[in-house]
$ cat structure_11.pdb   # PDB, C-alpha atoms and all ligand atoms
ATOM      1  CA  MET W 140      56.267 221.897 -11.282
ATOM      2  CA  VAL W 141      56.605 218.139 -10.590
ATOM      3  CA  LYS W 142      60.176 217.318  -9.611
ATOM      4  CA  ARG W 143      61.501 214.312 -11.567
ATOM      5  CA  ARG W 144      64.301 212.461  -9.831
ATOM      6  CA  SER W 145      67.073 211.007 -11.945
ATOM      7  CA  ILE W 146      68.963 207.789 -11.141
ATOM      8  CA  GLN W 147      71.849 208.556  -8.816
ATOM      9  CA  GLU W 148      74.897 206.552  -7.833
ATOM     10  CA  GLY W 149      73.887 204.091  -5.070
ATOM     11  CA  ASP W 150      70.224 203.944  -6.127
ATOM     12  CA  ASN W 151      68.532 200.558  -6.515
ATOM     13  CA  VAL W 152      67.357 199.977 -10.077
ATOM     14  CA  LEU W 153      65.277 197.156 -11.571
ATOM     15  CA  LEU W 154      66.883 196.280 -14.922
ATOM     16  CA  TYR W 155      63.875 194.861 -16.744
ATOM     17  CA  LEU W 156      64.051 192.638 -19.813
ATOM     18  CA  SER W 157      61.007 190.402 -19.234
ATOM     19  CA  ARG W 158      58.891 189.131 -16.327
ATOM     20  CA  LYS W 159      61.352 186.256 -15.794
ATOM     21  CA  ASN W 160      64.484 188.247 -16.524
ATOM     22  CA  SER W 161      64.734 191.330 -14.351
ATOM     23  CA  TYR W 162      67.494 192.240 -11.937
ATOM     24  CA  LEU W 163      67.373 194.348  -8.776
ATOM     25  CA  VAL W 164      70.802 195.995  -8.671
ATOM     26  CA  ARG W 165      72.607 198.992  -7.197
ATOM     27  CA  ALA W 166      73.830 201.568  -9.704
ATOM     28  CA  GLU W 167      77.563 202.135  -9.217
ATOM     29  CA  LYS W 168      79.680 204.543 -11.268
ATOM     30  CA  GLY W 169      82.256 202.881 -13.554
ATOM     31  CA  LYS W 170      80.784 199.399 -12.954
ATOM     32  CA  THR W 171      78.858 196.939 -15.123
ATOM     33  CA  PHE W 172      76.182 194.319 -14.500
ATOM     34  CA  HIS W 173      76.402 191.067 -16.468
ATOM     35  CA  THR W 174      73.349 189.170 -17.785
ATOM     36  CA  HIS W 175      72.864 186.348 -20.291
ATOM     37  CA  ARG W 176      71.909 189.078 -22.810
ATOM     38  CA  GLY W 177      75.102 191.121 -22.443
ATOM     39  CA  TYR W 178      76.280 193.572 -19.794
ATOM     40  CA  ILE W 179      74.834 196.931 -18.771
ATOM     41  CA  ASN W 180      77.079 199.887 -18.060
ATOM     42  CA  PHE W 181      75.735 201.740 -15.027
ATOM     43  CA  ASP W 182      77.230 204.987 -16.368
ATOM     44  CA  ASP W 183      74.651 204.750 -19.200
ATOM     45  CA  VAL W 184      71.742 205.077 -16.740
ATOM     46  CA  ILE W 185      73.166 207.206 -13.890
ATOM     47  CA  GLY W 186      71.870 210.760 -14.423
ATOM     48  CA  CYS W 187      68.916 209.541 -16.562
ATOM     49  CA  ARG W 188      65.312 209.443 -15.360
ATOM     50  CA  PHE W 189      63.859 206.205 -13.969
ATOM     51  CA  GLY W 190      62.130 204.398 -16.842
ATOM     52  CA  VAL W 191      64.938 205.064 -19.319
ATOM     53  CA  THR W 192      65.689 202.340 -21.901
ATOM     54  CA  THR W 193      69.318 201.279 -22.163
ATOM     55  CA  ASN W 194      71.130 198.828 -24.436
ATOM     56  CA  SER W 195      73.332 195.985 -23.212
ATOM     57  CA  SER W 196      76.713 195.173 -24.792
ATOM     58  CA  LEU W 197      74.781 192.720 -27.047
ATOM     59  CA  ASN W 198      72.411 195.550 -28.051
ATOM     60  CA  VAL W 199      69.460 194.088 -26.100
ATOM     61  CA  GLU W 200      67.082 196.701 -24.643
ATOM     62  CA  PHE W 201      66.565 196.817 -20.874
ATOM     63  CA  VAL W 202      64.346 199.318 -19.022
ATOM     64  CA  ALA W 203      65.799 200.859 -15.850
ATOM     65  CA  LEU W 204      62.747 200.909 -13.542
ATOM     66  CA  LYS W 205      62.417 202.332 -10.041
ATOM     67  CA  PRO W 206      61.907 199.255  -7.788
ATOM     68  CA  THR W 207      58.540 198.993  -6.076
ATOM     69  CA  LEU W 208      57.611 197.102  -2.884
ATOM     70  CA  ARG W 209      56.575 194.137  -5.087
ATOM     71  CA  ASP W 210      60.059 194.004  -6.640
ATOM     72  CA  TYR W 211      61.703 194.020  -3.210
ATOM     73  CA  ILE W 212      59.401 191.176  -2.094
ATOM     74  CA  PHE W 213      59.935 189.016  -5.197
ATOM     75  CA  LYS W 214      63.684 189.597  -5.244
ATOM     76  CA  ALA W 215      64.176 189.054  -1.498
ATOM     77  CA  GLN W 216      66.832 186.561  -0.450
ATOM     78  CA  ARG W 217      64.986 183.676   1.216
ATOM     79  CA  LYS W 218      65.352 180.415   3.136
ATOM     80  CA  THR W 219      61.667 180.231   4.109
ATOM     81  CA  GLN W 220      58.479 180.475   2.084
ATOM     82  CA  ILE W 221      57.733 184.175   1.660
ATOM     83  CA  MET W 222      54.368 185.817   1.368
ATOM     84  CA  TYR W 223      52.878 186.351  -2.088
ATOM     85  CA  PRO W 224      51.846 189.936  -2.983
ATOM     86  CA  LYS W 225      48.160 188.868  -3.378
ATOM     87  CA  ASP W 226      48.158 187.752   0.284
ATOM     88  CA  VAL W 227      50.243 190.736   1.458
ATOM     89  CA  ALA W 228      47.685 193.106  -0.102
ATOM     90  CA  LEU W 229      44.749 191.508   1.711
ATOM     91  CA  ILE W 230      46.632 191.246   5.004
ATOM     92  CA  VAL W 231      47.433 194.967   4.857
ATOM     93  CA  MET W 232      43.799 195.811   4.028
ATOM     94  CA  PHE W 233      42.321 193.641   6.808
ATOM     95  CA  SER W 234      44.901 194.806   9.377
ATOM     96  CA  GLY W 235      43.689 198.385   8.970
ATOM     97  CA  ILE W 236      47.238 199.721   9.348
ATOM     98  CA  GLY W 237      48.474 202.997   7.931
ATOM     99  CA  SER W 238      51.144 205.593   8.461
ATOM    100  CA  GLY W 239      52.000 205.752  12.177
ATOM    101  CA  SER W 240      50.560 202.347  13.171
ATOM    102  CA  ARG W 241      52.359 200.120  15.676
ATOM    103  CA  VAL W 242      52.368 196.505  14.518
ATOM    104  CA  VAL W 243      53.598 193.210  15.988
ATOM    105  CA  GLU W 244      54.535 190.459  13.541
ATOM    106  CA  ALA W 245      55.741 186.831  13.793
ATOM    107  CA  GLY W 246      57.664 185.020  12.384
ATOM    108  CA  THR W 247      59.955 187.331  10.521
ATOM    109  CA  GLY W 248      61.197 184.670   8.067
ATOM    110  CA  ALA W 249      62.867 186.430   5.122
ATOM    111  CA  GLY W 250      61.239 189.715   6.118
ATOM    112  CA  ALA W 251      59.098 190.004   2.986
ATOM    113  CA  LEU W 252      55.915 190.705   4.932
ATOM    114  CA  SER W 253      57.887 192.854   7.421
ATOM    115  CA  ALA W 254      58.986 195.048   4.486
ATOM    116  CA  ALA W 255      55.388 195.470   3.354
ATOM    117  CA  LEU W 256      54.186 196.346   6.866
ATOM    118  CA  ALA W 257      57.075 198.808   7.314
ATOM    119  CA  PHE W 258      56.298 200.397   3.939
ATOM    120  CA  TYR W 259      52.721 201.170   5.032
ATOM    121  CA  VAL W 260      53.424 202.351   8.596
ATOM    122  CA  LYS W 261      56.445 204.569   7.787
ATOM    123  CA  PRO W 262      57.707 207.130   8.613
ATOM    124  CA  ASN W 263      56.435 207.298  12.220
ATOM    125  CA  GLY W 264      55.013 203.810  12.735
ATOM    126  CA  ARG W 265      56.911 200.754  13.947
ATOM    127  CA  VAL W 266      56.947 197.013  13.264
ATOM    128  CA  TYR W 267      58.081 194.677  16.066
ATOM    129  CA  SER W 268      58.980 191.416  14.357
ATOM    130  CA  TYR W 269      59.535 188.193  16.365
ATOM    131  CA  GLU W 270      61.657 185.295  15.067
ATOM    132  CA  ILE W 271      63.127 182.194  16.745
ATOM    133  CA  ARG W 272      65.803 181.370  14.132
ATOM    134  CA  SER W 273      68.744 183.784  14.055
ATOM    135  CA  GLN W 274      69.869 182.723  10.552
ATOM    136  CA  PHE W 275      66.480 183.843   9.136
ATOM    137  CA  GLN W 276      66.659 187.084  11.084
ATOM    138  CA  GLU W 277      69.990 187.936   9.443
ATOM    139  CA  ILE W 278      68.537 187.348   5.961
ATOM    140  CA  ALA W 279      65.554 189.532   6.887
ATOM    141  CA  ARG W 280      67.917 192.272   8.079
ATOM    142  CA  LYS W 281      69.689 192.266   4.689
ATOM    143  CA  ASN W 282      66.391 192.319   2.757
ATOM    144  CA  LEU W 283      65.031 195.184   4.867
ATOM    145  CA  THR W 284      68.258 197.165   4.474
ATOM    146  CA  LYS W 285      68.124 196.731   0.701
ATOM    147  CA  ALA W 286      64.552 198.062   0.708
ATOM    148  CA  GLN W 287      65.694 200.977   2.998
ATOM    149  CA  LEU W 288      63.105 200.017   5.625
ATOM    150  CA  GLU W 289      65.422 198.723   8.373
ATOM    151  CA  ASP W 290      64.814 201.776  10.605
ATOM    152  CA  ILE W 291      61.096 201.023  10.807
ATOM    153  CA  VAL W 292      61.417 197.370  11.907
ATOM    154  CA  GLU W 293      62.667 196.148  15.285
ATOM    155  CA  LEU W 294      63.868 192.545  14.806
ATOM    156  CA  LYS W 295      63.335 190.568  18.007
ATOM    157  CA  SER W 296      64.882 187.156  18.804
ATOM    158  CA  LYS W 297      61.984 185.738  20.728
ATOM    159  CA  ASP W 298      59.400 182.940  20.663
ATOM    160  CA  ILE W 299      56.122 184.821  20.383
ATOM    161  CA  THR W 300      54.155 181.915  21.893
ATOM    162  CA  LEU W 301      55.857 182.833  25.210
ATOM    163  CA  GLY W 302      54.488 186.380  25.232
ATOM    164  CA  ILE W 303      54.408 189.790  23.538
ATOM    165  CA  ASP W 304      56.384 192.655  25.107
ATOM    166  CA  GLU W 305      54.494 195.506  23.413
ATOM    167  CA  GLU W 306      51.183 196.973  24.650
ATOM    168  CA  ASN W 307      48.339 198.789  22.923
ATOM    169  CA  VAL W 308      49.445 197.817  19.418
ATOM    170  CA  ASP W 309      47.174 198.522  16.460
ATOM    171  CA  ALA W 310      47.607 195.172  14.717
ATOM    172  CA  ILE W 311      49.197 191.742  15.114
ATOM    173  CA  ILE W 312      50.106 189.758  12.011
ATOM    174  CA  LEU W 313      50.985 186.051  12.255
ATOM    175  CA  ASP W 314      52.685 183.772   9.743
ATOM    176  CA  LEU W 315      53.999 180.852  11.790
ATOM    177  CA  ALA W 316      53.150 177.198  12.399
ATOM    178  CA  THR W 317      51.154 177.558  15.636
ATOM    179  CA  PRO W 318      49.217 180.851  15.545
ATOM    180  CA  TRP W 319      46.539 179.597  17.967
ATOM    181  CA  LEU W 320      49.169 179.572  20.766
ATOM    182  CA  VAL W 321      49.679 183.329  20.258
ATOM    183  CA  ILE W 322      46.017 184.361  20.534
ATOM    184  CA  PRO W 323      45.908 184.886  24.368
ATOM    185  CA  HIS W 324      49.071 187.075  24.207
ATOM    186  CA  ALA W 325      47.713 188.877  21.155
ATOM    187  CA  TYR W 326      44.498 189.752  22.999
ATOM    188  CA  SER W 327      46.512 191.330  25.852
ATOM    189  CA  ALA W 328      48.854 193.250  23.525
ATOM    190  CA  LEU W 329      46.212 194.693  21.183
ATOM    191  CA  THR W 330      44.478 198.003  21.712
ATOM    192  CA  GLY W 331      40.661 197.859  21.823
ATOM    193  CA  SER W 332      39.330 197.245  18.287
ATOM    194  CA  GLY W 333      42.866 196.377  17.065
ATOM    195  CA  SER W 334      43.203 193.754  14.328
ATOM    196  CA  LEU W 335      44.672 190.298  14.307
ATOM    197  CA  VAL W 336      45.458 188.739  10.932
ATOM    198  CA  SER W 337      46.866 185.231  10.643
ATOM    199  CA  PHE W 338      48.118 183.419   7.528
ATOM    200  CA  SER W 339      48.260 179.590   7.509
ATOM    201  CA  PRO W 340      48.905 177.112   4.700
ATOM    202  CA  THR W 341      46.494 174.467   6.065
ATOM    203  CA  ILE W 342      42.848 174.619   7.029
ATOM    204  CA  ASP W 343      43.585 172.618  10.211
ATOM    205  CA  GLN W 344      45.716 175.527  11.451
ATOM    206  CA  SER W 345      42.957 177.972  10.543
ATOM    207  CA  VAL W 346      40.332 175.955  12.470
ATOM    208  CA  LYS W 347      42.504 175.953  15.617
ATOM    209  CA  THR W 348      43.139 179.691  15.226
ATOM    210  CA  VAL W 349      39.448 180.526  14.817
ATOM    211  CA  GLU W 350      38.559 178.376  17.857
ATOM    212  CA  ALA W 351      41.198 180.209  19.924
ATOM    213  CA  LEU W 352      39.814 183.576  18.751
ATOM    214  CA  GLU W 353      36.284 182.498  19.685
ATOM    215  CA  GLN W 354      37.457 181.600  23.200
ATOM    216  CA  ARG W 355      38.739 185.172  23.624
ATOM    217  CA  ASN W 356      36.735 188.309  23.111
ATOM    218  CA  PHE W 357      37.343 188.765  19.370
ATOM    219  CA  ALA W 358      34.716 190.094  16.967
ATOM    220  CA  ASP W 359      34.368 190.086  13.174
ATOM    221  CA  ILE W 360      36.191 186.759  12.729
ATOM    222  CA  VAL W 361      36.508 185.760   9.085
ATOM    223  CA  THR W 362      38.633 183.240   7.135
ATOM    224  CA  PHE W 363      39.165 183.317   3.366
ATOM    225  CA  GLU W 364      41.513 182.235   0.606
ATOM    226  CA  CYS W 365      42.638 184.401  -2.278
ATOM    227  CA  ILE W 366      43.132 182.669  -5.636
ATOM    228  CA  MET W 367      44.803 184.689  -8.364
ATOM    229  CA  ARG W 368      44.867 183.709 -12.040
ATOM    230  CA  ARG W 369      47.138 185.450 -14.508
ATOM    231  CA  MET W 370      45.749 186.042 -17.992
ATOM    232  CA  GLN W 371      47.491 185.447 -21.288
ATOM    233  CA  ILE W 372      46.450 188.465 -23.364
ATOM    234  CA  VAL W 373      46.968 187.796 -27.072
ATOM    235  CA  ARG W 374      44.246 188.854 -29.510
ATOM    236  CA  GLY W 375      42.226 185.782 -30.467
ATOM    237  CA  LYS W 376      43.993 183.599 -27.868
ATOM    238  CA  THR W 377      43.176 185.436 -24.630
ATOM    239  CA  ARG W 378      42.563 183.037 -21.732
ATOM    240  CA  PRO W 379      43.901 182.190 -18.254
ATOM    241  CA  GLU W 380      47.532 181.028 -18.281
ATOM    242  CA  THR W 381      47.859 177.226 -18.110
ATOM    243  CA  LEU W 382      50.001 177.128 -14.974
ATOM    244  CA  MET W 383      49.167 178.950 -11.761
ATOM    245  CA  THR W 384      49.953 178.913  -8.057
ATOM    246  CA  GLY W 385      46.999 176.823  -6.874
ATOM    247  CA  HIS W 386      47.266 177.465  -3.150
ATOM    248  CA  THR W 387      49.331 179.621  -0.808
ATOM    249  CA  GLY W 388      47.327 179.877   2.403
ATOM    250  CA  TYR W 389      44.188 180.881   4.294
ATOM    251  CA  ILE W 390      43.864 184.272   5.927
ATOM    252  CA  THR W 391      41.959 184.688   9.201
ATOM    253  CA  SER W 392      41.131 188.170  10.416
ATOM    254  CA  ALA W 393      39.524 189.354  13.687
ATOM    255  CA  ARG W 394      39.134 192.485  15.843
ATOM    256  CA  LYS W 395      39.617 192.834  19.593
ATOM    257  CA  ALA W 396      36.354 193.536  21.432
ATOM    258  CA  LEU W 397      36.315 194.930  24.989
ATOM    259  CA  ASP W 398      33.983 194.012  27.838
ATOM    260  CA  ARG W 399      31.524 196.689  28.884
ATOM    261  CA  ASN W 400      33.617 197.311  32.051
ATOM    262  CA  ASP W 401      36.901 197.636  30.078
ATOM    263  CA  GLY W 402      35.442 200.187  27.667
TER     264      GLY W 402
HETATM  265  C1  LIG W 501      56.743 181.060   6.724
HETATM  266  S1  LIG W 501      57.968 181.854   7.632
HETATM  267  C2  LIG W 501      57.476 183.548   7.621
HETATM  268  C3  LIG W 501      57.742 184.227   6.314
HETATM  269  C4  LIG W 501      57.527 185.713   6.359
HETATM  270  N1  LIG W 501      56.141 186.051   6.582
HETATM  271  C5  LIG W 501      58.011 186.366   5.069
HETATM  272  O1  LIG W 501      57.171 186.947   4.334
HETATM  273  O2  LIG W 501      59.217 186.331   4.784
HETATM  274  C6  LIG W 501      57.639 181.377   9.299
HETATM  275  C7  LIG W 501      58.687 181.867  10.279
HETATM  276  O3  LIG W 501      58.171 181.777  11.595
HETATM  277  C8  LIG W 501      59.232 181.473  12.462
HETATM  278  N2  LIG W 501      58.631 180.970  13.711
HETATM  279  C9  LIG W 501      58.040 179.758  13.916
HETATM  280  N3  LIG W 501      57.557 179.687  15.182
HETATM  281  C10 LIG W 501      57.839 180.866  15.793
HETATM  282  C11 LIG W 501      57.598 181.392  17.101
HETATM  283  N4  LIG W 501      56.970 180.663  18.026
HETATM  284  N5  LIG W 501      58.020 182.670  17.384
HETATM  285  C12 LIG W 501      58.657 183.406  16.441
HETATM  286  N6  LIG W 501      58.918 182.955  15.182
HETATM  287  C13 LIG W 501      58.520 181.706  14.851
HETATM  288  C14 LIG W 501      60.026 180.445  11.663
HETATM  289  O4  LIG W 501      61.345 180.291  12.166
HETATM  290  C15 LIG W 501      59.964 181.042  10.257
HETATM  291  O5  LIG W 501      61.064 181.878  10.014
END
$ encode --input "structure_11.pdb" --output "structure tokens" --more "lines below"
Ligand SMILES: C[S@@+](CC[C@H](N)C(=O)[O-])C[C@H]1O[C@@H](n2cnc3c(N)ncnc32)[C@H](O)[C@@H]1O
Amino acid sequence: MVKRRSIQEGDNVLLYLSRKNSYLVRAEKGKTFHTHRGYINFDDVIGCRFGVTTNSSLNVEFVALKPTLRDYIFKAQRKTQIMYPKDVALIVMFSGIGSGSRVVEAGTGAGALSAALAFYVKPNGRVYSYEIRSQFQEIARKNLTKAQLEDIVELKSKDITLGIDEENVDAIILDLATPWLVIPHAYSALTGSGSLVSFSPTIDQSVKTVEALEQRNFADIVTFECIMRRMQIVRGKTRPETLMTGHTGYITSARKALDRNDG
């Protein structure tokens, strides 16, 4: 029989009213959570199954959802631009990582991408995440702890353009201003056939990164952009939504090739 887990005290819950109005909160016995549509009593949802509908003090219906990785990313505290889920999904796919992979990442920023990488490599994999600004690292630590992924990520206070400590890693993921300066270190740190994936907002950065990859022994170099349009689905009026995020960044992916003698 499938075991269904009920909401327990201390669990994170996404109180969902609409796409714009949803709250990632911790369920605590005897406490309430206040919204512009009334307050929710946590005692009304603790002991119920995830997905239960509950009414606020103003009789507005909220759904108590189990938070997913996407919720943790969207609701992350941030001081830097974080990665959009459309880009995270492609980065994960092109990196080739999975449970048990060892991954180097820079910069950590708010830790949104670190959380995604940790989610896919857990429980036995590891993410080594480099960051030069300690204030961002502290925010990332809080976001990772909230998502219960802090044990999978090692936060490192280090400029990755000066070198990578780890060896034989499966993938290196870059989201920082000067990725081309990391390519020589990345080549040394990667295992043969390991992946490098770099995200950059401007094409100038992508050109420099591709040129640096071409100067090293990287194969399967590709750069692309992912554009996502949300649809308004209303019978008779179905069409793309008027406003969209026009541009986030370009993704460059490559694989480490070995010389005949190294193989
Ligand atoms: C756009 S943010 C990364 C956001 C992150 N991917 C996320 O999803 O939250 C870029 C980060 O790279 C850091 N950074 C810039 N240069 C760096 C370097 N040489 N080594 C390590 N981190 C660096 C910045 O301080 C900043 O926090």
$ closest_atom_pairs --input "structure_11.pdb" --of "stretch 195-314 of chain W" --to "stretch 322-328 of chain W" --cutoff "8 Å" --atoms "all atoms listed in the file" --output "JSON lines"
{"residue": "W:Thr300", "atom": "CA", "partner": "W:His324", "partner_atom": "CA", "distance": 7.6}
{"residue": "W:Gly302", "atom": "CA", "partner": "W:His324", "partner_atom": "CA", "distance": 5.6}
{"residue": "W:Ile303", "atom": "CA", "partner": "W:His324", "partner_atom": "CA", "distance": 6.0}
{"residue": "W:Asp304", "atom": "CA", "partner": "W:Ala328", "partner_atom": "CA", "distance": 7.7}
{"residue": "W:Glu305", "atom": "CA", "partner": "W:Ala328", "partner_atom": "CA", "distance": 6.1}
{"residue": "W:Glu306", "atom": "CA", "partner": "W:Ala328", "partner_atom": "CA", "distance": 4.5}
{"residue": "W:Asn307", "atom": "CA", "partner": "W:Ala328", "partner_atom": "CA", "distance": 5.6}
{"residue": "W:Val308", "atom": "CA", "partner": "W:Ala328", "partner_atom": "CA", "distance": 6.2}
{"residue": "W:Ile311", "atom": "CA", "partner": "W:Ala325", "partner_atom": "CA", "distance": 6.8}
$ write_last_selection --input "structure_11.pdb" --atoms "C-alpha atoms" --output "tab-separated table (two decimals), keeping the file's coordinate frame"
chain	number	residue	atom	x	y	z
W	300	THR	CA	54.16	181.92	21.89
W	302	GLY	CA	54.49	186.38	25.23
W	303	ILE	CA	54.41	189.79	23.54
W	304	ASP	CA	56.38	192.66	25.11
W	305	GLU	CA	54.49	195.51	23.41
W	306	GLU	CA	51.18	196.97	24.65
W	307	ASN	CA	48.34	198.79	22.92
W	308	VAL	CA	49.44	197.82	19.42
W	311	ILE	CA	49.20	191.74	15.11
$ resolve_selection --input "structure_11.pdb" --expression "the PyMOL selection byres (((not hetatm)) within 6 of (chain W and resi 501))" --output "JSON, numbers by chain"
{"W": [219, 220, 221, 222, 245, 246, 247, 248, 249, 250, 251, 252, 269, 270, 271, 272, 275, 297, 298, 299, 300, 314, 315, 316]}
$ write_last_selection --input "structure_11.pdb" --atoms "C-alpha atoms" --output "PDB file, in the coordinates of the input"
ATOM      1  CA  THR W 219      61.667 180.231   4.109  1.00  0.00           C
ATOM      2  CA  GLN W 220      58.479 180.475   2.084  1.00  0.00           C
ATOM      3  CA  ILE W 221      57.733 184.175   1.660  1.00  0.00           C
ATOM      4  CA  MET W 222      54.368 185.817   1.368  1.00  0.00           C
ATOM      5  CA  ALA W 245      55.741 186.831  13.793  1.00  0.00           C
ATOM      6  CA  GLY W 246      57.664 185.020  12.384  1.00  0.00           C
ATOM      7  CA  THR W 247      59.955 187.331  10.521  1.00  0.00           C
ATOM      8  CA  GLY W 248      61.197 184.670   8.067  1.00  0.00           C
ATOM      9  CA  ALA W 249      62.867 186.430   5.122  1.00  0.00           C
ATOM     10  CA  GLY W 250      61.239 189.715   6.118  1.00  0.00           C
ATOM     11  CA  ALA W 251      59.098 190.004   2.986  1.00  0.00           C
ATOM     12  CA  LEU W 252      55.915 190.705   4.932  1.00  0.00           C
ATOM     13  CA  TYR W 269      59.535 188.193  16.365  1.00  0.00           C
ATOM     14  CA  GLU W 270      61.657 185.295  15.067  1.00  0.00           C
ATOM     15  CA  ILE W 271      63.127 182.194  16.745  1.00  0.00           C
ATOM     16  CA  ARG W 272      65.803 181.370  14.132  1.00  0.00           C
ATOM     17  CA  PHE W 275      66.480 183.843   9.136  1.00  0.00           C
ATOM     18  CA  LYS W 297      61.984 185.738  20.728  1.00  0.00           C
ATOM     19  CA  ASP W 298      59.400 182.940  20.663  1.00  0.00           C
ATOM     20  CA  ILE W 299      56.122 184.821  20.383  1.00  0.00           C
ATOM     21  CA  THR W 300      54.155 181.915  21.893  1.00  0.00           C
ATOM     22  CA  ASP W 314      52.685 183.772   9.743  1.00  0.00           C
ATOM     23  CA  LEU W 315      53.999 180.852  11.790  1.00  0.00           C
ATOM     24  CA  ALA W 316      53.150 177.198  12.399  1.00  0.00           C
TER      25      ALA W 316
END
$ closest_residue --input "structure_11.pdb" --among "W:Ala310, W:Glu167, W:Thr377, W:Gly177" --to "W:Thr330" --atoms "all atoms listed in the file"
W:Ala310
$ closest_residue --input "structure_11.pdb" --among "W:Ala254, W:Val231, W:Ser296, W:Gln354" --to "W:Phe338" --atoms "all atoms listed in the file"
W:Val231
$ residues_around --input "structure_11.pdb" --residues "stretch 383-387 of chain W" --least-positions-apart "3" --cutoff "10 Å" --atoms "all atoms listed in the file" --output "ChimeraX atom specification"
/W:220-223,225-226,338-341,364-369,379-380,390
$ build_atoms --input "structure_11.pdb" --residues "stretch 268-280 of chain W" --atoms "N, CA, C and O atoms" --output "compact mmCIF listing (two decimals), keeping the file's coordinate frame"
# COMPACT_ATOMS: atom_id res chain seq x y z
N SER W 268 59.06 192.70 15.06
CA SER W 268 58.98 191.42 14.36
C SER W 268 59.72 190.32 15.13
O SER W 268 60.93 190.41 15.34
N TYR W 269 58.99 189.28 15.54
CA TYR W 269 59.54 188.19 16.36
C TYR W 269 59.97 187.02 15.49
O TYR W 269 59.25 186.62 14.59
N GLU W 270 61.15 186.45 15.82
CA GLU W 270 61.66 185.30 15.07
C GLU W 270 62.49 184.43 16.01
O GLU W 270 63.24 184.94 16.82
N ILE W 271 62.36 183.09 15.85
CA ILE W 271 63.13 182.19 16.74
C ILE W 271 64.44 181.74 16.11
O ILE W 271 65.31 181.26 16.81
N ARG W 272 64.59 181.88 14.78
CA ARG W 272 65.80 181.37 14.13
C ARG W 272 66.68 182.53 13.68
O ARG W 272 66.30 183.31 12.81
N SER W 273 67.89 182.62 14.30
CA SER W 273 68.74 183.78 14.06
C SER W 273 69.21 183.86 12.60
O SER W 273 69.39 184.94 12.05
N GLN W 274 69.39 182.68 11.95
CA GLN W 274 69.87 182.72 10.55
C GLN W 274 68.82 183.39 9.64
O GLN W 274 69.18 184.12 8.71
N PHE W 275 67.52 183.19 9.94
CA PHE W 275 66.48 183.84 9.14
C PHE W 275 66.47 185.34 9.42
O PHE W 275 66.27 186.15 8.52
N GLN W 276 66.69 185.67 10.70
CA GLN W 276 66.66 187.08 11.08
C GLN W 276 67.75 187.87 10.33
O GLN W 276 67.50 189.00 9.91
N GLU W 277 68.91 187.24 10.14
CA GLU W 277 69.99 187.94 9.44
C GLU W 277 69.64 188.17 7.97
O GLU W 277 69.95 189.22 7.41
N ILE W 278 68.97 187.17 7.36
CA ILE W 278 68.54 187.35 5.96
C ILE W 278 67.50 188.48 5.89
O ILE W 278 67.54 189.34 5.01
N ALA W 279 66.59 188.48 6.85
CA ALA W 279 65.55 189.53 6.89
C ALA W 279 66.20 190.91 7.02
O ALA W 279 65.80 191.87 6.36
N ARG W 280 67.24 190.99 7.87
CA ARG W 280 67.92 192.27 8.08
C ARG W 280 68.48 192.79 6.76
O ARG W 280 68.33 193.95 6.40
